[in-house]
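What follows is a set of notes on a single structure, which appears directly below.
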Amino acid sequence: MENSSITWVAGYSTASYWLLGTLIDISIIDSMLNLEYPGFTSEQAITDALGKAVAGFPTAHSFERIAPKKETRLGRSLIFLAQPRGRGQRARSVTQAVLHNWTDAQASAEAIPAPLRWKKNICKSCVSVP
């Protein structure tokens, strides 16, 4: 990433269900496309945008299933890097900061009245649906 104009990277450390991975990718791309240019100069703005992008997905959802004993939780599979624009900026992992934002968003979602909250564990191979 260094010596390039790349400002963020999101990836997976494990294999994933293709549908869930695609939905997460689309959410991340949408969030980053909506980040205004000045936001790319701030690591905090990049981290916040990435955290908001994945906030709708439960962190404890099983993301990989090769064998029943080899399931990986979504929160352990995603990896995020940020390199804000500007002189002297270096790429670094922001995974923990994004996961912290994600956890905060999940806690806020729990405070929403039940009819408006996403239902959990509807389908083990799908994202939660309203």
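Naming works like this for the structure tokens: A, B, ... for the chains as they're shown, residue 1 at the start of each chain, ligands 1 onward in shown order.
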
Near segment 80-104 of chain A, 8 Å: segment 43-62 of chain A residue rows, closest pairs, only C-alpha atoms, as CSV:
residue,atom,partner,partner_atom,distance
A:Glu43,CA,A:Pro84,CA,5.6
A:Ile46,CA,A:Ala82,CA,6.9
A:Thr47,CA,A:Val98,CA,5.6
A:Asp48,CA,A:Asn101,CA,6.9
A:Leu50,CA,A:Val98,CA,6.4
A:Gly51,CA,A:Val98,CA,4.8
A:Lys52,CA,A:Trp102,CA,7.0
A:Val54,CA,A:Trp102,CA,6.7
A:Ala55,CA,A:Trp102,CA,5.1
A:Thr59,CA,A:Thr103,CA,7.7

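Within the 7 Å cut-off around Ser77 of chain A, using only C-alpha atoms and omitting residues fewer than 4 positions from it on the same chain, the listed residues are Tyr12, Ser13, Thr14, Thr72 and Arg73 of chain A.
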
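The smallest atom-to-atom distance between Asn34 of chain A and any of A:Thr22, A:Ser16, A:Ala49, A:Trp8, using only C-alpha atoms, is found for A:Ala49.
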
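As for atom CA of Gln44 of chain A and atom CA of Ser5 of chain A, they are spaced 17.7 Å apart.
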
Just the number, please: distance in Å from atom CA of Thr7 of chain A to atom CA of Leu35 of chain A, one decimal.
11.7 Å

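The gap separating atom CA of Tyr17 of chain A from atom CA of Phe57 of chain A is 13.5 Å, in Å to one decimal.
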
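Restricting the calculation to only C-alpha atoms, the smallest distance between Pro58 of chain A and any of A:Asn3, A:Ser42, A:Ser31, A:Leu20 is found for A:Leu20.
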
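Closest approach to Val9 of chain A among A:Ile79, A:Ala53, A:Phe40, A:Asp30: A:Ile79, based on only C-alpha atoms.
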
Give me, as a PyMOL selection string, the residues of segment 4-109 of chain A that a backbone DSSP run labels helix (DSSP H, G or I).
chain A and resi 18-33+37-41+43-54+74-77+95-109

Store the residues of this selection in a file with N, CA and C atoms, as a short mmCIF file (atom, residue, chain, number, x, y, z; two decimals), in the first residue's frame.
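That gives us selection-v4.cif:
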data_model
loop_
_atom_site.label_atom_id
_atom_site.label_comp_id
_atom_site.auth_asym_id
_atom_site.auth_seq_id
_atom_site.Cartn_x
_atom_site.Cartn_y
_atom_site.Cartn_z
N TRP A 18 -20.05 -17.35 0.08
CA TRP A 18 -19.95 -16.38 -1.00
C TRP A 18 -21.01 -15.28 -0.88
N LEU A 19 -22.23 -15.63 -0.50
CA LEU A 19 -23.29 -14.62 -0.43
C LEU A 19 -23.02 -13.61 0.68
N LEU A 20 -22.70 -14.09 1.85
CA LEU A 20 -22.40 -13.18 2.96
C LEU A 20 -21.20 -12.30 2.64
N GLY A 21 -20.14 -12.90 2.08
CA GLY A 21 -18.96 -12.12 1.71
C GLY A 21 -19.28 -11.05 0.69
N THR A 22 -20.12 -11.38 -0.28
CA THR A 22 -20.52 -10.41 -1.31
C THR A 22 -21.32 -9.27 -0.69
N LEU A 23 -22.24 -9.59 0.21
CA LEU A 23 -23.04 -8.54 0.86
C LEU A 23 -22.16 -7.60 1.69
N ILE A 24 -21.20 -8.17 2.39
CA ILE A 24 -20.28 -7.35 3.18
C ILE A 24 -19.44 -6.48 2.25
N ASP A 25 -18.91 -7.05 1.18
CA ASP A 25 -18.11 -6.29 0.22
C ASP A 25 -18.90 -5.11 -0.35
N ILE A 26 -20.14 -5.36 -0.74
CA ILE A 26 -20.98 -4.29 -1.30
C ILE A 26 -21.22 -3.20 -0.26
N SER A 27 -21.45 -3.58 0.97
CA SER A 27 -21.68 -2.60 2.03
C SER A 27 -20.43 -1.75 2.26
N ILE A 28 -19.26 -2.38 2.26
CA ILE A 28 -18.01 -1.65 2.45
C ILE A 28 -17.77 -0.69 1.29
N ILE A 29 -17.94 -1.17 0.07
CA ILE A 29 -17.72 -0.32 -1.10
C ILE A 29 -18.68 0.86 -1.09
N ASP A 30 -19.95 0.62 -0.77
CA ASP A 30 -20.93 1.71 -0.70
C ASP A 30 -20.52 2.75 0.34
N SER A 31 -20.12 2.29 1.51
CA SER A 31 -19.72 3.21 2.57
C SER A 31 -18.51 4.04 2.17
N MET A 32 -17.54 3.41 1.53
CA MET A 32 -16.33 4.13 1.16
C MET A 32 -16.57 5.07 -0.02
N LEU A 33 -17.48 4.70 -0.93
CA LEU A 33 -17.82 5.60 -2.03
C LEU A 33 -18.53 6.85 -1.53
N TYR A 37 -14.02 13.29 -0.02
CA TYR A 37 -12.56 13.31 -0.20
C TYR A 37 -11.80 13.70 1.06
N PRO A 38 -12.19 14.76 1.78
CA PRO A 38 -11.39 15.10 2.98
C PRO A 38 -11.34 13.96 4.00
N GLY A 39 -12.32 13.08 3.98
CA GLY A 39 -12.32 11.95 4.91
C GLY A 39 -11.17 10.99 4.70
N PHE A 40 -10.65 10.96 3.49
CA PHE A 40 -9.55 10.06 3.21
C PHE A 40 -8.21 10.55 3.76
N THR A 41 -8.21 11.74 4.34
CA THR A 41 -6.99 12.25 4.96
C THR A 41 -6.95 11.94 6.46
N GLU A 43 -7.44 8.97 9.42
CA GLU A 43 -7.57 7.55 9.76
C GLU A 43 -8.87 7.30 10.51
N GLN A 44 -9.27 8.23 11.37
CA GLN A 44 -10.51 8.07 12.13
C GLN A 44 -11.72 8.04 11.20
N ALA A 45 -11.74 8.91 10.19
CA ALA A 45 -12.87 8.93 9.25
C ALA A 45 -12.93 7.63 8.45
N ILE A 46 -11.79 7.11 8.04
CA ILE A 46 -11.74 5.84 7.31
C ILE A 46 -12.24 4.71 8.20
N THR A 47 -11.75 4.69 9.44
CA THR A 47 -12.15 3.65 10.40
C THR A 47 -13.65 3.71 10.69
N ASP A 48 -14.18 4.91 10.88
CA ASP A 48 -15.61 5.07 11.14
C ASP A 48 -16.45 4.58 9.96
N ALA A 49 -16.02 4.92 8.75
CA ALA A 49 -16.76 4.50 7.55
C ALA A 49 -16.75 2.98 7.40
N LEU A 50 -15.60 2.36 7.66
CA LEU A 50 -15.52 0.90 7.60
C LEU A 50 -16.39 0.26 8.68
N GLY A 51 -16.37 0.83 9.89
CA GLY A 51 -17.18 0.31 10.98
C GLY A 51 -18.67 0.39 10.69
N LYS A 52 -19.10 1.52 10.10
CA LYS A 52 -20.51 1.68 9.75
C LYS A 52 -20.91 0.69 8.65
N ALA A 53 -19.98 0.40 7.75
CA ALA A 53 -20.28 -0.51 6.64
C ALA A 53 -20.60 -1.92 7.12
N VAL A 54 -19.94 -2.36 8.16
CA VAL A 54 -20.16 -3.74 8.64
C VAL A 54 -21.09 -3.79 9.85
N LEU A 74 -17.37 -14.07 12.07
CA LEU A 74 -17.16 -12.96 11.14
C LEU A 74 -16.19 -11.93 11.70
N GLY A 75 -16.33 -11.60 12.98
CA GLY A 75 -15.46 -10.61 13.60
C GLY A 75 -14.00 -11.02 13.64
N ARG A 76 -13.71 -12.31 13.51
CA ARG A 76 -12.32 -12.79 13.51
C ARG A 76 -11.76 -12.95 12.12
N SER A 77 -12.61 -12.89 11.12
CA SER A 77 -12.16 -13.12 9.75
C SER A 77 -11.80 -11.83 9.01
N THR A 95 -7.97 -2.82 12.15
CA THR A 95 -8.97 -3.86 12.41
C THR A 95 -9.57 -3.72 13.80
N GLN A 96 -8.76 -3.54 14.81
CA GLN A 96 -9.28 -3.45 16.18
C GLN A 96 -10.19 -2.24 16.35
N ALA A 97 -9.82 -1.11 15.76
CA ALA A 97 -10.66 0.09 15.85
C ALA A 97 -11.99 -0.11 15.12
N VAL A 98 -11.96 -0.75 13.95
CA VAL A 98 -13.20 -1.03 13.21
C VAL A 98 -14.08 -1.98 14.02
N LEU A 99 -13.49 -3.02 14.61
CA LEU A 99 -14.26 -3.97 15.41
C LEU A 99 -14.85 -3.30 16.64
N HIS A 100 -14.12 -2.35 17.21
CA HIS A 100 -14.65 -1.59 18.36
C HIS A 100 -15.88 -0.79 17.93
N ASN A 101 -15.79 -0.10 16.77
CA ASN A 101 -16.94 0.65 16.24
C ASN A 101 -18.10 -0.30 15.95
N TRP A 102 -17.77 -1.47 15.44
CA TRP A 102 -18.76 -2.48 15.09
C TRP A 102 -19.50 -2.95 16.35
N THR A 103 -18.74 -3.22 17.41
CA THR A 103 -19.33 -3.66 18.67
C THR A 103 -20.23 -2.58 19.25
N ASP A 104 -19.79 -1.32 19.18
CA ASP A 104 -20.63 -0.21 19.65
C ASP A 104 -21.93 -0.12 18.85
N ALA A 105 -21.84 -0.31 17.54
CA ALA A 105 -23.04 -0.25 16.69
C ALA A 105 -23.98 -1.40 17.02
N GLN A 106 -23.43 -2.58 17.31
CA GLN A 106 -24.26 -3.72 17.67
C GLN A 106 -24.99 -3.45 18.99
N ALA A 107 -24.28 -2.84 19.95
CA ALA A 107 -24.89 -2.52 21.24
C ALA A 107 -26.01 -1.49 21.05
N SER A 108 -25.79 -0.52 20.17
CA SER A 108 -26.83 0.48 19.90
C SER A 108 -28.04 -0.17 19.25
N ALA A 109 -27.81 -1.13 18.37
CA ALA A 109 -28.91 -1.81 17.69
C ALA A 109 -29.76 -2.60 18.68
#
